[in-house]
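Source file: final_29.cif. Holds: mmCIF, C-alpha atoms.
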```
data_data
#
loop_
_atom_site.label_atom_id
_atom_site.label_comp_id
_atom_site.auth_asym_id
_atom_site.auth_seq_id
_atom_site.Cartn_x
_atom_site.Cartn_y
_atom_site.Cartn_z
CA MET A 1 -41.04 21.24 3.85
CA LYS A 2 -38.06 22.71 2.06
CA ARG A 3 -35.65 20.48 0.26
CA ARG A 4 -33.16 22.73 -1.45
CA LYS A 5 -30.43 21.18 -3.52
CA ARG A 6 -26.77 21.89 -3.58
CA ASN A 7 -24.12 19.95 -5.45
CA GLY A 8 -26.85 17.65 -6.75
CA LEU A 9 -27.99 16.34 -3.33
CA SER A 10 -31.19 17.27 -1.51
CA GLN A 11 -31.43 17.54 2.27
CA ILE A 12 -33.16 14.16 2.47
CA GLN A 13 -30.41 12.58 0.39
CA LEU A 14 -27.71 14.14 2.59
CA ILE A 15 -29.32 12.69 5.71
CA ALA A 16 -29.66 9.26 4.09
CA MET A 17 -26.04 9.38 2.93
CA GLY A 18 -24.90 10.54 6.37
CA PHE A 19 -26.39 7.48 8.06
CA LEU A 20 -24.86 5.25 5.38
CA MET A 21 -21.45 6.78 6.07
CA ILE A 22 -21.75 6.15 9.81
CA ILE A 23 -22.82 2.55 9.16
CA GLY A 24 -19.90 2.06 6.77
CA ILE A 25 -17.34 3.40 9.25
CA GLY A 26 -18.85 1.30 12.03
CA THR A 27 -18.75 -1.81 9.86
CA LEU A 28 -15.04 -1.32 9.15
CA LEU A 29 -14.26 -0.76 12.83
CA LEU A 30 -16.18 -3.86 13.89
CA MET A 31 -14.26 -5.94 11.33
CA LEU A 32 -10.95 -5.11 13.00
CA PRO A 33 -9.33 -7.94 15.01
CA VAL A 34 -9.35 -5.69 18.08
CA SER A 35 -13.17 -5.54 18.01
CA ALA A 36 -14.03 -9.25 18.30
CA LYS A 37 -13.06 -11.59 21.13
CA GLU A 38 -12.43 -14.50 18.79
CA GLY A 39 -10.68 -13.59 15.55
CA THR A 40 -12.52 -11.28 13.20
CA VAL A 41 -16.17 -10.87 12.32
CA GLY A 42 -17.37 -11.36 8.74
CA PRO A 43 -18.45 -8.34 6.68
CA LEU A 44 -22.15 -9.25 6.72
CA ASP A 45 -22.37 -9.71 10.49
CA ALA A 46 -20.35 -6.53 11.03
CA LEU A 47 -22.67 -4.63 8.68
CA PHE A 48 -25.74 -6.08 10.40
CA THR A 49 -24.47 -5.05 13.85
CA ALA A 50 -23.35 -1.60 12.70
CA THR A 51 -26.74 -0.96 11.09
CA SER A 52 -28.58 -2.23 14.14
CA ALA A 53 -26.54 0.07 16.40
CA THR A 54 -26.67 3.17 14.20
CA CYS A 55 -30.37 2.69 13.54
CA VAL A 56 -30.89 2.08 17.30
CA THR A 57 -32.60 -1.27 16.74
CA GLY A 58 -30.94 -3.92 18.88
CA LEU A 59 -31.21 -7.02 16.69
CA VAL A 60 -27.94 -8.97 16.89
CA THR A 61 -26.50 -12.04 15.24
CA ALA A 62 -24.14 -12.62 18.18
CA ASP A 63 -24.38 -11.74 21.87
CA THR A 64 -22.88 -8.28 22.48
CA TRP A 65 -20.95 -9.20 25.63
CA ARG A 66 -19.61 -12.54 24.43
CA ASN A 67 -18.80 -11.54 20.87
CA TRP A 68 -17.28 -8.05 21.18
CA THR A 69 -14.27 -6.78 23.11
CA LEU A 70 -14.38 -3.57 25.11
CA PHE A 71 -13.28 -1.68 21.99
CA GLY A 72 -16.06 -3.26 19.93
CA GLN A 73 -18.63 -2.50 22.62
CA LEU A 74 -17.53 1.14 22.76
CA VAL A 75 -17.82 1.40 18.97
CA ILE A 76 -21.38 0.06 19.24
CA LEU A 77 -22.16 2.48 22.08
CA LEU A 78 -20.87 5.43 20.05
CA MET A 79 -22.98 4.39 17.06
CA ILE A 80 -26.05 4.08 19.29
CA GLN A 81 -25.53 7.59 20.63
CA THR A 82 -24.86 9.06 17.20
CA GLY A 83 -27.78 7.26 15.62
CA GLY A 84 -30.13 8.18 18.45
CA LEU A 85 -29.43 11.90 18.44
CA GLY A 86 -28.64 12.17 14.74
CA PHE A 87 -25.25 13.06 13.30
CA MET A 88 -26.45 16.56 12.35
CA THR A 89 -27.47 17.31 15.93
CA ILE A 90 -24.08 16.29 17.27
CA GLY A 91 -22.21 18.08 14.46
CA VAL A 92 -24.08 21.36 14.94
CA PHE A 93 -23.62 21.19 18.70
CA PHE A 94 -19.85 20.93 18.30
CA SER A 95 -19.99 23.84 15.87
CA ILE A 96 -21.82 25.86 18.51
CA TYR A 97 -19.25 24.79 21.10
CA ILE A 98 -16.34 26.12 19.02
CA ARG A 99 -18.45 29.22 18.24
CA ARG A 100 -18.67 28.66 14.52
CA LYS A 101 -21.60 30.40 12.84
CA ILE A 102 -24.35 28.03 11.70
CA SER A 103 -25.34 28.72 8.11
CA LEU A 104 -28.92 28.77 6.81
CA ARG A 105 -28.20 25.62 4.82
CA GLU A 106 -27.11 23.81 8.00
CA ARG A 107 -30.15 25.05 9.89
CA GLU A 108 -32.45 23.70 7.17
CA LEU A 109 -30.65 20.37 7.19
CA LEU A 110 -30.89 20.27 10.98
CA GLN A 111 -34.61 21.01 10.83
CA GLU A 112 -35.07 18.07 8.45
CA SER A 113 -32.94 15.81 10.66
CA ILE A 114 -34.70 16.66 13.93
CA ASN A 115 -38.09 16.78 12.18
CA THR A 116 -39.04 19.97 13.97
CA LEU A 117 -42.04 22.08 12.98
CA GLN A 118 -40.25 25.33 12.19
CA LEU A 119 -36.82 26.66 11.29
CA ALA A 120 -36.80 29.41 13.91
CA GLY A 121 -35.16 28.29 17.14
CA VAL A 122 -33.69 25.08 15.70
CA VAL A 123 -30.19 25.89 17.01
CA ARG A 124 -31.58 26.61 20.47
CA LEU A 125 -33.44 23.30 20.33
CA THR A 126 -30.18 21.53 19.43
CA LYS A 127 -28.55 22.86 22.59
CA LEU A 128 -31.51 21.65 24.63
CA ILE A 129 -31.37 18.21 23.00
CA VAL A 130 -27.68 17.59 23.66
CA LYS A 131 -27.61 19.05 27.18
CA GLY A 132 -30.86 17.31 28.10
CA THR A 133 -29.59 14.01 26.72
CA LEU A 134 -26.35 14.17 28.72
CA LEU A 135 -28.27 15.07 31.89
CA ILE A 136 -30.92 12.36 31.52
CA GLU A 137 -28.47 9.66 30.49
CA GLY A 138 -26.16 10.67 33.35
CA MET A 139 -28.96 10.40 35.90
CA GLY A 140 -30.04 7.07 34.45
CA ALA A 141 -26.48 5.73 34.52
CA ALA A 142 -26.04 6.79 38.14
CA LEU A 143 -29.27 5.10 39.23
CA LEU A 144 -28.50 1.88 37.34
CA SER A 145 -24.99 1.84 38.81
CA LEU A 146 -26.55 1.67 42.27
CA ARG A 147 -27.80 -1.79 41.31
CA PHE A 148 -24.87 -2.95 39.19
CA ILE A 149 -21.91 -1.86 41.38
CA PRO A 150 -22.76 -4.15 44.33
CA GLN A 151 -23.10 -7.06 41.89
CA MET A 152 -20.14 -6.38 39.57
CA GLY A 153 -17.71 -4.08 41.31
CA PHE A 154 -17.24 -0.32 40.93
CA TRP A 155 -15.77 0.15 37.45
CA LYS A 156 -17.68 -2.62 35.76
CA GLY A 157 -20.90 -1.56 37.48
CA CYS A 158 -20.42 2.03 36.30
CA TYR A 159 -19.70 0.87 32.75
CA PHE A 160 -22.82 -1.30 32.69
CA GLY A 161 -24.82 1.63 34.06
CA VAL A 162 -23.60 3.99 31.33
CA PHE A 163 -24.02 1.47 28.50
CA HIS A 164 -27.57 0.51 29.39
CA ALA A 165 -28.61 4.11 30.13
CA VAL A 166 -27.46 5.26 26.69
CA SER A 167 -28.97 2.21 25.00
CA ALA A 168 -32.31 2.72 26.77
CA PHE A 169 -32.56 6.47 26.18
CA CYS A 170 -31.69 6.05 22.48
CA ASN A 171 -34.15 3.13 22.28
CA GLY A 172 -31.19 1.00 21.17
CA GLY A 173 -31.95 -2.31 22.89
CA PHE A 174 -28.31 -3.47 23.09
CA ASP A 175 -27.34 -5.03 26.41
CA LEU A 176 -24.30 -6.57 28.10
CA MET A 177 -26.12 -9.16 30.19
CA GLY A 178 -24.75 -12.07 28.17
CA GLU A 179 -21.99 -12.55 30.74
CA GLN A 180 -24.25 -14.95 32.66
CA GLU A 181 -26.11 -16.40 29.67
CA PRO A 182 -26.28 -15.22 26.05
CA TYR A 183 -29.30 -13.31 24.76
CA VAL A 184 -30.99 -13.01 28.17
CA SER A 185 -31.38 -9.20 28.02
CA LEU A 186 -32.82 -7.96 31.35
CA THR A 187 -34.72 -11.13 32.29
CA GLY A 188 -32.65 -11.38 35.49
CA TYR A 189 -34.22 -8.11 36.68
CA VAL A 190 -37.85 -8.87 35.88
CA SER A 191 -38.99 -8.02 39.43
CA ASP A 192 -36.39 -5.34 40.18
CA PRO A 193 -38.22 -1.99 40.62
CA LEU A 194 -35.09 0.17 40.26
CA VAL A 195 -33.85 -1.32 36.98
CA ASN A 196 -37.35 -1.55 35.49
CA LEU A 197 -38.45 1.97 36.37
CA VAL A 198 -35.17 3.60 35.28
CA ILE A 199 -35.02 1.76 31.95
CA MET A 200 -38.71 2.43 31.24
CA SER A 201 -38.36 6.12 32.09
CA LEU A 202 -35.37 6.48 29.77
CA ILE A 203 -37.21 4.72 26.95
CA VAL A 204 -40.31 6.91 27.26
CA ILE A 205 -38.36 10.17 27.59
CA GLY A 206 -36.27 9.33 24.54
CA GLY A 207 -39.32 8.22 22.57
CA ILE A 208 -41.69 11.19 23.02
CA GLY A 209 -39.61 13.44 20.77
CA PHE A 210 -37.45 16.52 21.08
CA ILE A 211 -40.28 18.84 19.98
CA VAL A 212 -42.26 17.72 23.01
CA TRP A 213 -39.19 18.27 25.19
CA GLN A 214 -39.01 21.89 24.13
CA ASP A 215 -42.73 22.45 24.69
CA LEU A 216 -42.60 20.93 28.17
CA TYR A 217 -39.44 22.90 28.97
CA GLU A 218 -41.04 26.20 27.96
CA HIS A 219 -44.55 25.73 29.39
CA GLY A 220 -44.11 23.33 32.30
CA PHE A 221 -47.49 22.02 33.49
CA HIS A 222 -49.59 24.61 31.62
CA VAL A 223 -51.35 22.07 29.43
CA LYS A 224 -53.48 24.66 27.62
CA LYS A 225 -50.32 26.26 26.23
CA TYR A 226 -49.02 23.03 24.74
CA MET A 227 -48.82 22.66 20.97
CA LEU A 228 -51.30 20.32 19.31
CA HIS A 229 -48.40 17.99 18.52
CA THR A 230 -47.46 17.73 22.20
CA LYS A 231 -51.02 17.03 23.31
CA ILE A 232 -51.41 14.24 20.74
CA VAL A 233 -48.06 12.65 21.62
CA LEU A 234 -48.59 12.70 25.40
CA LEU A 235 -52.16 11.39 25.22
CA THR A 236 -51.38 8.67 22.68
CA THR A 237 -48.24 7.56 24.52
CA SER A 238 -50.18 7.26 27.80
CA VAL A 239 -52.99 5.26 26.19
CA LEU A 240 -50.58 2.91 24.40
CA VAL A 241 -48.36 2.34 27.45
CA PHE A 242 -51.01 1.75 30.12
CA GLY A 243 -53.65 0.23 27.86
CA SER A 244 -51.18 -2.27 26.41
CA ALA A 245 -49.80 -3.07 29.88
CA LEU A 246 -53.29 -4.06 30.98
CA LEU A 247 -53.67 -6.31 27.93
CA PHE A 248 -50.27 -7.94 28.51
CA TRP A 249 -51.28 -8.69 32.09
CA LEU A 250 -54.60 -10.19 31.00
CA PHE A 251 -52.90 -12.35 28.35
CA GLU A 252 -50.00 -13.61 30.50
CA ARG A 253 -51.11 -13.53 34.13
CA ARG A 254 -51.80 -17.28 34.21
CA THR A 255 -48.97 -18.32 31.88
CA LEU A 256 -45.72 -16.40 31.45
CA PHE A 257 -46.28 -14.15 34.50
CA ALA A 258 -47.68 -16.94 36.68
CA GLY A 259 -44.54 -17.39 38.78
CA LEU A 260 -44.18 -13.69 39.59
CA SER A 261 -45.54 -11.77 42.56
CA PRO A 262 -48.38 -9.26 41.92
CA GLY A 263 -45.80 -6.46 41.88
CA GLY A 264 -43.56 -8.45 39.56
CA GLN A 265 -46.47 -9.08 37.21
CA ALA A 266 -47.28 -5.37 37.11
CA LEU A 267 -43.65 -4.50 36.31
CA ALA A 268 -43.39 -7.22 33.66
CA ALA A 269 -46.61 -6.11 31.97
CA LEU A 270 -45.64 -2.42 32.02
CA PHE A 271 -42.11 -3.15 30.78
CA SER A 272 -43.46 -5.33 27.95
CA SER A 273 -45.69 -2.44 26.90
CA VAL A 274 -42.96 0.22 27.03
CA THR A 275 -40.15 -1.76 25.41
CA ALA A 276 -42.27 -2.92 22.47
CA ARG A 277 -42.46 0.68 21.26
CA THR A 278 -38.94 0.58 19.73
CA ALA A 279 -36.71 -0.11 22.76
CA GLY A 280 -35.86 -3.80 22.31
CA PHE A 281 -35.06 -4.88 25.87
CA ASN A 282 -37.06 -7.65 27.46
CA THR A 283 -37.53 -8.86 31.03
CA VAL A 284 -39.45 -12.01 30.01
CA ASP A 285 -38.79 -14.54 27.27
CA THR A 286 -40.19 -12.97 24.09
CA GLY A 287 -40.38 -16.32 22.33
CA ALA A 288 -42.62 -17.68 25.11
CA LEU A 289 -45.27 -14.96 24.76
CA SER A 290 -48.79 -16.08 23.93
CA ASN A 291 -50.16 -15.44 20.46
CA GLY A 292 -52.22 -12.53 21.76
CA SER A 293 -49.18 -10.90 23.33
CA LYS A 294 -47.10 -11.43 20.19
CA MET A 295 -49.79 -9.80 18.07
CA LEU A 296 -50.04 -6.88 20.48
CA THR A 297 -46.25 -6.52 20.47
CA MET A 298 -46.15 -6.45 16.67
CA ILE A 299 -48.80 -3.70 16.60
CA LEU A 300 -46.85 -1.63 19.14
CA MET A 301 -43.60 -2.16 17.22
CA PHE A 302 -45.23 -1.08 13.98
CA ILE A 303 -46.61 2.11 15.59
CA GLY A 304 -43.36 2.94 17.39
CA GLY A 305 -42.61 6.21 19.14
CA SER A 306 -43.15 9.86 18.22
CA PRO A 307 -41.67 12.08 15.50
CA GLY A 308 -38.34 13.78 16.11
CA SER A 309 -37.30 11.24 18.75
CA THR A 310 -34.86 8.36 19.14
CA ALA A 311 -37.70 5.93 18.35
CA GLY A 312 -38.82 4.34 15.10
CA GLY A 313 -42.09 3.03 13.68
CA ILE A 314 -44.74 4.89 11.69
CA LYS A 315 -45.10 7.18 14.75
CA THR A 316 -47.96 7.90 17.14
CA THR A 317 -49.09 11.07 15.37
CA THR A 318 -49.46 9.20 12.08
CA VAL A 319 -51.83 6.71 13.68
CA VAL A 320 -53.89 9.41 15.40
CA VAL A 321 -54.25 11.46 12.21
CA LEU A 322 -55.41 8.45 10.18
CA ILE A 323 -57.83 7.26 12.87
CA MET A 324 -59.36 10.72 13.32
CA TYR A 325 -59.60 11.24 9.57
CA THR A 326 -61.41 7.92 9.19
CA TRP A 327 -63.69 8.71 12.13
CA ASN A 328 -64.60 12.14 10.77
CA SER A 329 -65.22 10.65 7.33
CA LEU A 330 -67.61 8.08 8.82
CA LYS A 331 -69.50 11.00 10.40
CA ASN A 332 -69.60 12.77 7.01
CA LYS A 333 -67.32 15.54 8.22
CA ASN A 334 -64.80 17.17 5.96
CA GLY A 335 -61.09 16.87 6.73
CA CYS A 336 -59.65 15.89 10.10
CA SER A 337 -59.71 17.71 13.42
CA VAL A 338 -58.10 16.90 16.77
CA PHE A 339 -58.49 18.88 20.01
CA GLU A 340 -60.58 21.46 18.13
CA ARG A 341 -57.79 22.03 15.62
CA ARG A 342 -57.97 21.18 11.91
CA ILE A 343 -55.19 18.98 10.52
CA PRO A 344 -53.78 20.18 7.15
CA ASP A 345 -54.53 17.97 4.15
CA GLU A 346 -50.78 17.69 3.52
CA VAL A 347 -50.31 15.98 6.90
CA ILE A 348 -53.13 13.51 6.14
CA LYS A 349 -51.53 12.74 2.78
CA LYS A 350 -48.12 12.22 4.37
CA SER A 351 -49.59 9.95 7.05
CA SER A 352 -51.23 7.79 4.39
CA MET A 353 -47.96 7.55 2.48
CA VAL A 354 -46.04 6.50 5.58
CA LEU A 355 -48.55 3.77 6.43
CA VAL A 356 -48.74 2.38 2.88
CA ILE A 357 -44.97 2.42 2.29
CA ASN A 358 -44.27 0.64 5.59
CA LEU A 359 -46.97 -1.95 4.94
CA VAL A 360 -45.75 -2.66 1.42
CA MET A 361 -42.12 -2.96 2.52
CA SER A 362 -43.07 -5.27 5.40
CA LEU A 363 -45.24 -7.51 3.22
CA LEU A 364 -42.61 -7.81 0.49
CA ALA A 365 -39.91 -8.60 3.06
CA GLY A 366 -42.14 -11.22 4.67
CA ILE A 367 -42.89 -12.92 1.35
CA ILE A 368 -39.21 -13.07 0.38
CA ILE A 369 -37.92 -14.34 3.75
CA CYS A 370 -40.67 -16.96 4.07
CA GLY A 371 -39.99 -18.01 0.50
CA ILE A 372 -36.23 -18.50 0.86
CA GLN A 373 -36.37 -19.88 4.42
CA PRO A 374 -39.55 -21.99 4.64
CA ALA A 375 -38.34 -23.63 7.86
CA LEU A 376 -38.95 -20.38 9.75
CA SER A 377 -42.47 -19.95 11.12
CA MET A 378 -44.49 -17.14 9.55
CA ASP A 379 -45.35 -15.49 12.88
CA SER A 380 -41.66 -15.34 13.85
CA VAL A 381 -40.75 -13.83 10.46
CA VAL A 382 -43.47 -11.19 10.70
CA PHE A 383 -42.40 -10.44 14.27
CA GLU A 384 -38.79 -9.99 13.11
CA ILE A 385 -39.83 -7.71 10.25
CA CYS A 386 -41.96 -5.49 12.50
CA SER A 387 -39.03 -5.34 14.91
CA ALA A 388 -36.62 -4.31 12.15
CA ILE A 389 -38.70 -1.69 10.36
CA GLY A 390 -39.84 -0.30 13.72
CA THR A 391 -36.17 -0.25 14.92
CA VAL A 392 -37.23 -2.17 18.02
CA GLY A 393 -34.83 -5.08 18.39
CA MET A 394 -37.15 -7.65 19.96
CA THR A 395 -37.02 -11.14 18.49
CA THR A 396 -38.48 -14.58 19.03
CA GLY A 397 -34.98 -15.98 18.51
CA ILE A 398 -34.69 -16.38 14.73
CA THR A 399 -32.16 -13.58 14.09
CA ARG A 400 -29.24 -16.00 14.39
CA ASP A 401 -30.96 -18.43 11.98
CA LEU A 402 -31.30 -15.94 9.13
CA ASN A 403 -29.30 -16.69 6.00
CA ALA A 404 -27.30 -14.07 4.09
CA VAL A 405 -30.20 -12.82 1.96
CA SER A 406 -32.55 -12.56 4.93
CA LYS A 407 -29.92 -10.66 6.93
CA CYS A 408 -29.55 -8.20 4.06
CA ILE A 409 -33.32 -7.68 3.98
CA ILE A 410 -33.51 -7.10 7.73
CA THR A 411 -30.52 -4.73 7.51
CA PHE A 412 -32.28 -2.75 4.78
CA LEU A 413 -35.47 -2.55 6.86
CA MET A 414 -33.56 -1.29 9.91
CA TYR A 415 -31.96 1.44 7.82
CA CYS A 416 -35.29 2.50 6.31
CA GLY A 417 -36.93 2.40 9.71
CA ARG A 418 -34.39 4.83 11.16
CA ILE A 419 -34.28 7.43 8.43
CA GLY A 420 -37.97 6.93 7.67
CA SER A 421 -39.39 4.79 4.90
CA MET A 422 -40.93 7.80 3.20
CA THR A 423 -37.64 9.68 3.48
CA PHE A 424 -35.91 6.75 1.82
CA ALA A 425 -38.46 6.69 -1.00
CA LEU A 426 -38.27 10.45 -1.51
CA SER A 427 -34.47 10.35 -1.64
CA PHE A 428 -34.75 8.63 -5.03
CA MET A 429 -37.36 10.95 -6.46
CA GLN A 430 -37.27 14.46 -7.81
CA ARG A 431 -40.02 16.80 -6.73
CA LYS A 432 -41.69 18.05 -9.88
CA LYS A 433 -43.86 21.08 -10.39
CA THR A 434 -47.58 20.44 -10.62
CA ASP A 435 -48.62 19.77 -14.17
CA PRO A 436 -51.07 22.53 -15.25
CA VAL A 437 -52.84 20.02 -17.51
CA GLN A 438 -55.03 17.53 -15.62
CA TYR A 439 -56.67 14.37 -16.89
CA PRO A 440 -60.48 14.00 -16.96
CA LEU A 441 -62.08 12.52 -13.87
CA GLY A 442 -62.65 8.77 -13.82
CA LYS A 443 -65.06 6.92 -11.54
CA ILE A 444 -64.19 3.71 -9.68
CA THR A 445 -65.71 1.78 -6.81
CA VAL A 446 -63.69 1.10 -3.64
CA GLY A 447 -64.39 -0.55 -0.29
#
```
Translate this file's structure into structure tokens.
Amino acid sequence: MKRRKRNGLSQIQLIAMGFLMIIGIGTLLLMLPVSAKEGTVGPLDALFTATSATCVTGLVTADTWRNWTLFGQLVILLMIQTGGLGFMTIGVFFSIYIRRKISLRERELLQESINTLQLAGVVRLTKLIVKGTLLIEGMGAALLSLRFIPQMGFWKGCYFGVFHAVSAFCNGGFDLMGEQEPYVSLTGYVSDPLVNLVIMSLIVIGGIGFIVWQDLYEHGFHVKKYMLHTKIVLLTTSVLVFGSALLFWLFERRTLFAGLSPGGQALAALFSSVTARTAGFNTVDTGALSNGSKMLTMILMFIGGSPGSTAGGIKTTTVVVLIMYTWNSLKNKNGCSVFERRIPDEVIKKSSMVLVINLVMSLLAGIIICGIQPALSMDSVVFEICSAIGTVGMTTGITRDLNAVSKCIITFLMYCGRIGSMTFALSFMQRKKTDPVQYPLGKITVG
């Protein structure tokens, strides 16, 4: 992976700084009197909301509908779209639109931003991403409007359709359903097939990654022609979605899902499985989930979506690589292979780094928050941390109870979760040449 420097900043640092700039601008806009329905919002809450929107998380300290005016909601929507696609993707697309030549430096930065496998064709992929996004979000908005317009009127129904389509596709988790009751998300549509299926489809499509998009676009249903990356993502996503849905149903069928019809239970279980992988919406009360369901949700939030997508988490491919490497090691096989293809050692090393960095950050955050706010239950704190670093947005209800220090910690985790925890760590480090002198081997015992 190339990380050339210019003017003292590497590509990783430019991406990290770019997201910081968007968050800063969004914070200032949300602090304006025109953004809030009652006076102005404090700097910390504005920063928290701007970070949550830009990092497509969905955690909020105040209900989006009740707290923000139309202007404030549109600012949030714009940050969700920019954060979901990436500012480089949008910037390069506008450059293409005005027929400005894209430099090699910009192509390399775009490759780093999209997390694509190769530099060749990155501009063509950008066109596919933006056009595909507009098409998919437009279709989703139209379908959701079919449900919202009869309930809310034409213009309001269309606006709700657009907002929730963008938020779902970008895995943002922000909603406007607080008009009836604050913080209810989509619980009023728990048994509605149209709303559930559209939102779930948008979440999955946005979460599989733009690399997979391109592969599917070029090869259609010719599975044998798919890249190894695409095969891993599609198989892992299917197993996580349907396997977790079955577990949710088993855990909640006699408790939280008891009052629903068989079809409603199936929708609720499937939605709980899909949304936990970085989307943040909920059709049932998250705080009322059983311990088994909460644990399952935290695991799904920690894993997240796939690389080069609108989703967060350590990513599906990271988990597969580490599992297969462990499995092959137990069988005394060298390296790691998946679908009869050998995984490079560099990818295994990177996967290990991602897992360790995310675990360490989560554990440190949990210790600090539990230490400064002992009244909060440990399971709720861990749930909140997994939600933040996985850019999910689900909560058991403690977000509004966080003090200033805890909010800053959660804000930091959301930012790291969006740009990537390893990317954040690397942005502070200089890549050095390998030292030709190596130390003698030392033996230790592990395990």
**OP:** Just say which residues the PyMOL selection byres ((chain A and resi 285) around 9) picks in this file, as an NGL selection string.
**Re:** :A and (184 or 187 or 256 or 282-284 or 286-289 or 396)
Subject >> Selection near Thr237 (chain A), 10 Å with only C-alpha atoms, sequence-local residues under 6 positions removed, as number ranges by chain >> reply: A: 204, 207-208, 231, 243, 274, 277, 304-306, 316-317
**OP:** Skip Phe19 (chain A) itself and residues of its chain fewer than 6 positions away, then list as a VMD selection string all residues within 9 Å of it, counting only C-alpha atoms.
**Re:** chain A and resid 51 54 to 55 83 86 to 87 415 418 to 419
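Residues with any atom within 10 Å of Cys408 (chain A), counting all atoms listed in the file and excluding same-chain neighbours fewer than 6 positions away, are Leu44, Asp45, Leu47, Phe48, Leu402 and Met414 of chain A.
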**OP:** Report the distance between CA of Gly24 (chain A) and CA of Gly42 (chain A) in Å, rounded to one decimal place.
**Re:**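 It comes out at 13.8 Å.
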